[in-house]
Every structure is written in C-alpha cells, then in structure tokens.
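Trainee: Coordinates in coords39.cif, mmCIF, C-alpha atoms, are listed below.
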```
data_query
loop_
_atom_site.group_PDB
_atom_site.id
_atom_site.type_symbol
_atom_site.label_atom_id
_atom_site.label_comp_id
_atom_site.auth_asym_id
_atom_site.auth_seq_id
_atom_site.Cartn_x
_atom_site.Cartn_y
_atom_site.Cartn_z
ATOM 1 C CA MET A 1 -11.021 104.539 8.459
ATOM 2 C CA LYS A 2 -9.253 105.356 5.193
ATOM 3 C CA VAL A 3 -8.845 108.867 3.757
ATOM 4 C CA PHE A 4 -8.275 109.782 0.117
ATOM 5 C CA LYS A 5 -6.992 112.897 -1.642
ATOM 6 C CA LEU A 6 -8.709 114.002 -4.846
ATOM 7 C CA ASN A 7 -6.609 114.565 -7.966
ATOM 8 C CA ILE A 8 -7.983 117.980 -8.928
ATOM 9 C CA LEU A 9 -6.900 117.411 -12.551
ATOM 10 C CA GLY A 10 -9.105 114.329 -12.857
ATOM 11 C CA ASN A 11 -8.136 111.641 -15.380
ATOM 12 C CA GLU A 12 -5.176 113.316 -17.056
ATOM 13 C CA GLN A 13 -4.861 110.567 -19.677
ATOM 14 C CA ASP A 14 -8.303 111.045 -21.239
ATOM 15 C CA LYS A 15 -8.077 114.117 -23.473
ATOM 16 C CA THR A 16 -11.724 113.732 -24.564
ATOM 17 C CA LEU A 17 -12.900 114.984 -21.153
ATOM 18 C CA ALA A 18 -13.916 118.595 -20.651
ATOM 19 C CA PHE A 19 -11.221 120.423 -18.690
ATOM 20 C CA ILE A 20 -11.395 123.883 -17.120
ATOM 21 C CA ASN A 21 -8.504 126.345 -17.054
ATOM 22 C CA ASN A 22 -10.205 129.455 -15.696
ATOM 23 C CA ALA A 23 -12.311 130.667 -12.803
ATOM 24 C CA PRO A 24 -15.845 131.981 -13.354
ATOM 25 C CA ASP A 25 -15.981 135.290 -15.206
ATOM 26 C CA GLY A 26 -16.376 138.203 -12.827
ATOM 27 C CA VAL A 27 -14.869 136.539 -9.748
ATOM 28 C CA GLY A 28 -11.690 138.600 -10.019
ATOM 29 C CA ILE A 29 -9.563 138.847 -6.888
ATOM 30 C CA TYR A 30 -11.936 136.542 -5.013
ATOM 31 C CA ARG A 31 -10.938 133.504 -7.118
ATOM 32 C CA SER A 32 -8.587 132.228 -4.424
ATOM 33 C CA ARG A 33 -11.486 131.921 -1.972
ATOM 34 C CA LEU A 34 -13.035 129.222 -4.175
ATOM 35 C CA ALA A 35 -9.746 127.315 -4.215
ATOM 36 C CA ARG A 36 -8.781 127.734 -0.570
ATOM 37 C CA GLY A 37 -11.972 127.519 1.474
ATOM 38 C CA GLY A 38 -12.742 131.174 2.064
ATOM 39 C CA ARG A 39 -16.322 132.411 1.824
ATOM 40 C CA ILE A 40 -17.028 134.290 -1.389
ATOM 41 C CA GLY A 41 -20.654 135.103 -0.544
ATOM 42 C CA THR A 42 -22.072 138.112 -2.360
ATOM 43 C CA ASN A 43 -18.833 138.566 -4.312
ATOM 44 C CA TYR A 44 -19.851 135.594 -6.458
ATOM 45 C CA PRO A 45 -21.364 136.980 -9.685
ATOM 46 C CA ASP A 46 -24.991 136.521 -10.673
ATOM 47 C CA ASN A 47 -25.291 134.318 -13.768
ATOM 48 C CA ALA A 48 -21.702 133.088 -13.336
ATOM 49 C CA ARG A 49 -20.161 131.466 -16.407
ATOM 50 C CA ILE A 50 -17.067 129.470 -17.306
ATOM 51 C CA GLN A 51 -15.959 128.915 -20.884
ATOM 52 C CA LEU A 52 -13.910 125.960 -22.085
ATOM 53 C CA LEU A 53 -10.742 127.186 -23.766
ATOM 54 C CA ARG A 54 -9.843 126.269 -27.339
ATOM 55 C CA ARG A 55 -6.501 124.816 -26.250
ATOM 56 C CA GLU A 56 -8.466 122.185 -24.300
ATOM 57 C CA PRO A 57 -10.578 120.496 -27.000
ATOM 58 C CA GLY A 58 -12.246 117.914 -24.725
ATOM 59 C CA LEU A 59 -16.037 118.051 -24.587
ATOM 60 C CA LYS A 60 -17.066 114.905 -22.712
ATOM 61 C CA LEU A 61 -18.879 115.885 -19.515
ATOM 62 C CA CYS A 62 -18.449 113.899 -16.319
ATOM 63 C CA SER A 63 -19.447 113.977 -12.665
ATOM 64 C CA PHE A 64 -16.317 115.901 -11.706
ATOM 65 C CA ILE A 65 -14.573 118.279 -14.115
ATOM 66 C CA GLY A 66 -10.810 118.434 -13.735
ATOM 67 C CA ASN A 67 -9.317 121.911 -13.614
ATOM 68 C CA THR A 68 -6.224 124.001 -12.948
ATOM 69 C CA GLN A 69 -8.020 126.344 -10.535
ATOM 70 C CA SER A 70 -8.192 123.977 -7.522
ATOM 71 C CA MET A 71 -11.989 124.116 -7.575
ATOM 72 C CA LEU A 72 -14.291 121.205 -6.759
ATOM 73 C CA ILE A 73 -16.536 121.307 -9.859
ATOM 74 C CA VAL A 74 -19.299 118.697 -9.892
ATOM 75 C CA ASP A 75 -22.603 117.963 -11.602
ATOM 76 C CA SER A 76 -25.937 118.086 -9.776
ATOM 77 C CA ALA A 77 -25.974 114.403 -8.802
ATOM 78 C CA ALA A 78 -22.525 114.613 -7.212
ATOM 79 C CA GLU A 79 -23.369 117.945 -5.580
ATOM 80 C CA ASN A 80 -26.476 116.411 -3.988
ATOM 81 C CA LEU A 81 -24.386 113.559 -2.586
ATOM 82 C CA LEU A 82 -21.743 115.886 -1.161
ATOM 83 C CA GLU A 83 -24.386 118.030 0.522
ATOM 84 C CA SER A 84 -26.153 115.001 1.969
ATOM 85 C CA MET A 85 -23.015 113.317 3.351
ATOM 86 C CA CYS A 86 -20.927 116.287 4.477
ATOM 87 C CA ASP A 87 -21.732 117.861 7.802
ATOM 88 C CA ALA A 88 -19.283 120.759 7.501
ATOM 89 C CA GLU A 89 -20.081 124.214 6.128
ATOM 90 C CA MET A 90 -19.926 124.500 2.329
ATOM 91 C CA GLU A 91 -20.760 127.097 -0.273
ATOM 92 C CA VAL A 92 -22.480 125.614 -3.311
ATOM 93 C CA LEU A 93 -22.228 127.926 -6.304
ATOM 94 C CA LYS A 94 -24.034 127.518 -9.628
ATOM 95 C CA PHE A 95 -22.532 128.441 -12.985
ATOM 96 C CA THR A 96 -23.231 127.950 -16.698
ATOM 97 C CA LEU A 97 -20.612 126.098 -18.740
ATOM 98 C CA TYR A 98 -19.915 127.395 -22.243
ATOM 99 C CA ASP A 99 -18.124 125.428 -24.950
ATOM 100 C CA GLN A 100 -15.067 126.527 -26.911
ATOM 101 C CA LYS A 101 -17.299 128.395 -29.392
ATOM 102 C CA ASN A 102 -19.003 130.390 -26.632
ATOM 103 C CA ARG A 103 -22.267 128.429 -26.760
ATOM 104 C CA VAL A 104 -24.148 127.295 -23.642
ATOM 105 C CA TYR A 105 -22.981 123.728 -23.067
ATOM 106 C CA SER A 106 -24.396 122.802 -19.658
ATOM 107 C CA THR A 107 -26.322 124.339 -16.779
ATOM 108 C CA ASP A 108 -25.830 121.281 -14.558
ATOM 109 C CA TYR A 109 -22.598 122.203 -12.744
ATOM 110 C CA TRP A 110 -21.679 123.608 -9.357
ATOM 111 C CA ILE A 111 -18.566 124.722 -7.506
ATOM 112 C CA VAL A 112 -18.530 123.140 -4.054
ATOM 113 C CA ASN A 113 -16.436 125.193 -1.640
ATOM 114 C CA PRO A 114 -15.839 123.533 1.758
ATOM 115 C CA ILE A 115 -15.285 126.407 4.181
ATOM 116 C CA GLY A 116 -12.331 126.416 6.548
ATOM 117 C CA ASN A 117 -10.009 123.504 7.246
ATOM 118 C CA THR A 118 -9.385 120.604 9.595
ATOM 119 C CA ASP A 119 -6.145 120.430 11.584
ATOM 120 C CA CYS A 120 -5.262 116.754 11.198
ATOM 121 C CA VAL A 121 -1.930 116.574 9.325
ATOM 122 C CA ASN A 122 0.839 114.651 11.071
ATOM 123 C CA ARG A 123 3.577 117.182 10.310
ATOM 124 C CA ALA A 124 6.391 115.041 11.692
ATOM 125 C CA ALA A 125 5.533 112.144 9.378
ATOM 126 C CA SER A 126 4.636 114.239 6.292
ATOM 127 C CA ASP A 127 7.129 115.551 3.726
ATOM 128 C CA ILE A 128 6.609 119.318 4.053
ATOM 129 C CA GLU A 129 8.717 122.172 2.709
ATOM 130 C CA TYR A 130 8.852 125.266 4.898
ATOM 131 C CA LEU A 131 10.160 128.802 4.497
ATOM 132 C CA ASP A 132 13.295 128.610 6.585
ATOM 133 C CA ALA A 133 14.978 132.025 6.449
ATOM 134 C CA PRO A 134 15.657 133.001 10.090
ATOM 135 C CA GLY A 135 14.096 136.301 11.038
ATOM 136 C CA ASP A 136 11.780 136.313 8.018
ATOM 137 C CA TYR A 137 8.198 137.277 8.878
ATOM 138 C CA TYR A 138 6.959 134.085 7.141
ATOM 139 C CA HIS A 139 9.592 131.800 8.726
ATOM 140 C CA GLY A 140 8.062 128.372 9.294
ATOM 141 C CA GLU A 141 5.202 128.843 6.817
ATOM 142 C CA VAL A 142 4.417 125.860 4.596
ATOM 143 C CA VAL A 143 5.580 126.265 0.989
ATOM 144 C CA ALA A 144 4.538 122.838 -0.322
ATOM 145 C CA VAL A 145 3.574 119.379 0.855
ATOM 146 C CA GLN A 146 5.200 116.551 -1.103
ATOM 147 C CA THR A 147 3.573 113.748 0.912
ATOM 148 C CA PHE A 148 0.649 114.005 3.297
ATOM 149 C CA VAL A 149 0.377 111.799 6.366
ATOM 150 C CA LEU A 150 -2.720 112.415 8.481
ATOM 151 C CA ASN A 151 -3.050 111.964 12.236
ATOM 152 C CA LYS A 152 -5.103 108.810 12.684
ATOM 153 C CA ASN A 153 -6.327 110.010 16.094
ATOM 154 C CA LYS A 154 -7.928 113.133 14.592
ATOM 155 C CA ILE A 155 -9.598 111.645 11.508
ATOM 156 C CA ASP A 156 -12.733 110.424 13.265
ATOM 157 C CA GLN A 157 -13.629 114.034 14.123
ATOM 158 C CA ALA A 158 -13.060 115.275 10.559
ATOM 159 C CA PRO A 159 -16.035 115.725 8.199
ATOM 160 C CA ASN A 160 -16.400 113.429 5.186
ATOM 161 C CA LEU A 161 -15.006 116.183 2.934
ATOM 162 C CA PHE A 162 -12.370 118.563 4.270
ATOM 163 C CA ARG A 163 -9.326 120.729 3.628
ATOM 164 C CA VAL A 164 -6.161 121.001 5.735
ATOM 165 C CA PRO A 165 -4.326 124.208 6.743
ATOM 166 C CA GLU A 166 -1.020 123.019 5.259
ATOM 167 C CA ASP A 167 -2.489 123.155 1.730
ATOM 168 C CA ARG A 168 -6.042 124.459 1.553
ATOM 169 C CA ALA A 169 -6.226 123.846 -2.210
ATOM 170 C CA GLU A 170 -6.383 120.066 -1.646
ATOM 171 C CA TYR A 171 -9.569 118.085 -1.005
ATOM 172 C CA PHE A 172 -9.685 115.068 1.306
ATOM 173 C CA PHE A 173 -12.522 112.533 1.261
ATOM 174 C CA LYS A 174 -13.213 109.980 3.965
ATOM 175 C CA GLU A 175 -13.878 106.377 3.021
ATOM 176 C CA PRO A 176 -17.701 106.340 3.317
ATOM 177 C CA LEU A 177 -17.986 109.228 0.846
ATOM 178 C CA VAL A 178 -15.539 107.659 -1.614
ATOM 179 C CA GLU A 179 -17.414 104.359 -1.431
ATOM 180 C CA GLU A 180 -20.685 106.116 -2.231
ATOM 181 C CA ILE A 181 -19.101 107.982 -5.167
ATOM 182 C CA GLN A 182 -17.844 104.685 -6.566
ATOM 183 C CA LYS A 183 -21.133 102.889 -5.916
ATOM 184 C CA ARG A 184 -22.992 105.519 -7.921
ATOM 185 C CA ASN A 185 -20.444 105.292 -10.755
ATOM 186 C CA PHE A 186 -19.666 108.995 -10.665
ATOM 187 C CA THR A 187 -17.049 109.691 -13.302
ATOM 188 C CA ASN A 188 -13.619 111.349 -13.298
ATOM 189 C CA PHE A 189 -13.107 111.234 -9.536
ATOM 190 C CA VAL A 190 -9.482 110.082 -9.217
ATOM 191 C CA PHE A 191 -8.407 109.362 -5.639
ATOM 192 C CA GLU A 192 -5.118 108.556 -3.930
ATOM 193 C CA GLU A 193 -5.147 106.970 -0.485
ATOM 194 C CA VAL A 194 -3.425 109.046 2.190
ATOM 195 C CA ALA A 195 -1.271 107.432 4.871
ATOM 196 C CA LEU A 196 -2.328 107.654 8.527
ATOM 197 C CA ALA A 197 0.032 107.641 11.478
#
```
Can you give me the file's structure in the form of structure tokens?
Mentor:
Amino acid sequence: MKVFKLNILGNEQDKTLAFINNAPDGVGIYRSRLARGGRIGTNYPDNARIQLLRREPGLKLCSFIGNTQSMLIVDSAAENLLESMCDAEMEVLKFTLYDQKNRVYSTDYWIVNPIGNTDCVNRAASDIEYLDAPGDYYHGEVVAVQTFVLNKNKIDQAPNLFRVPEDRAEYFFKEPLVEEIQKRNFTNFVFEEVALA
C-alpha cells in the first residue's frame, strides 16, 4: 500500500488561492497543539476566527487551505470524508474565516487535528538530522527530516491519516484516502509519495 505526505502549503504556484499565515485568534500558547497532534480541548476559543492577511491577496477557496501554521484546514466536505475514513482519534475544530478587510468570508472550514502519532519511520533509511552534542540533554533528538522512508511492515497497522514522532507537523495519508480525495475532486491537496522499506 502506498503512503503520501501532504504539502501543507498547498499549490504554491497559484497565488489566487486563499492562504493562511496565522493560527486562530485566542489560541495563544496552545497553537503548537494544533500543529503537532496535542489535544487543545477547552483551550480552543469559542467563536474561533482566522483572518486572511493583506500580504496574501488570494481569495479563491478550496477543499484544503494551505498555511504556514502546519494545520490541516479543510472544508466541510473534506472534513466529513476524513472523519468517515480515519479510525484514529482526531479533534475537529470549527472556525470562521475572515477576508483581508475583516469581513466574514466563510463559515465552512475546520481544523482537523489527528491526535498522537504512529511509530513507523524507518530511521536507518531516512535522511534525518539529529542533535549530536555529546552529553547534551537533547542528544539524539530529531532536528529535521530531509527525506522520510516508512517501515513497510508497520504501515498496515497505521490509520489512513497519521503523524509520525520524528516530525509531528507532517501529515501522512494512506492510499485509499488519497484515492477518495482525488475521486471527489477535492482541491488544493498536493501529495508526495513516500518511500517504503
């Protein structure tokens, strides 16, 4: 079975697309939980809102909105599909999107936050940068992953949508989910196949 990594920026060539550069207002220090698979729970604000910034003039809405916050931001149709096909725990968080002039632009978007991660990276085959200072408390911690290779023997047990502990800000989609996204012509989902070994 194939696995694909989502480009969180979406289609970077199409500047007409709406693009988000900020987390929901009021999230504060809990922003990283939305990007890294931690539960935000009651710390998520009531009537959450995100405003498009003037430096990003795109207004065209799509099934997935690219962003710099490592959040999985999808419309209601895509959110329904993810909930129906993903058997892992997820938070699904509603927000209102405002345009660059601070007017309500859409109430049809959600942040999907898969909770936790799946240990399935083949570290020996992947290109991973580690903290390597001997004696440092964080010695051996992952700094960045240049190339992911997943363990083909562990993929069958992974949910259709998952994160990995080496970089929890990335989103991995298994082939059946990607096929359904493409079949339904959901827009702005840009995938890269991940090697298995």
Trainee: Just so the selection is clear, what residues does the PyMOL selection byres ((chain A and resi 157) around 12) cover here, as JSON, numbers by chain?
Mentor: {"A": [1, 87, 88, 118, 119, 120, 151, 152, 153, 154, 155, 156, 158, 159, 160, 161, 162, 174]}
Trainee: Any idea what the distance is between atom CA of A:Glu91 and atom CA of A:Glu12?
Mentor: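 Separation between atom CA of A:Glu91 and atom CA of A:Glu12: 26.7 Å.
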Trainee: Record the distance separating atom CA of A:Ile65 and atom CA of A:Asn22, expressed in Å with one decimal.
Mentor: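 Atom CA of A:Ile65 sits 12.1 Å away from atom CA of A:Asn22.
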Trainee: Of the residues A:Ser106, A:Gln182, A:Asn113, A:Gln146, which is the one nearest to A:Gly41, using only C-alpha atoms?
Mentor: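 Selected residue with least distance to A:Gly41: A:Asn113.
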Trainee: Which one of A:Phe186, A:Phe191, A:Tyr130, A:Tyr138 sits closest to A:Glu166 if you count all atoms listed in the file?
Mentor: A:Tyr130
Trainee: So, with all atoms listed in the file as the atoms that count, which of A:Arg31, A:Lys101, A:Arg49, A:Arg123 lies closest to A:Pro165?
Mentor: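 Smallest distance to A:Pro165 is found for A:Arg123.
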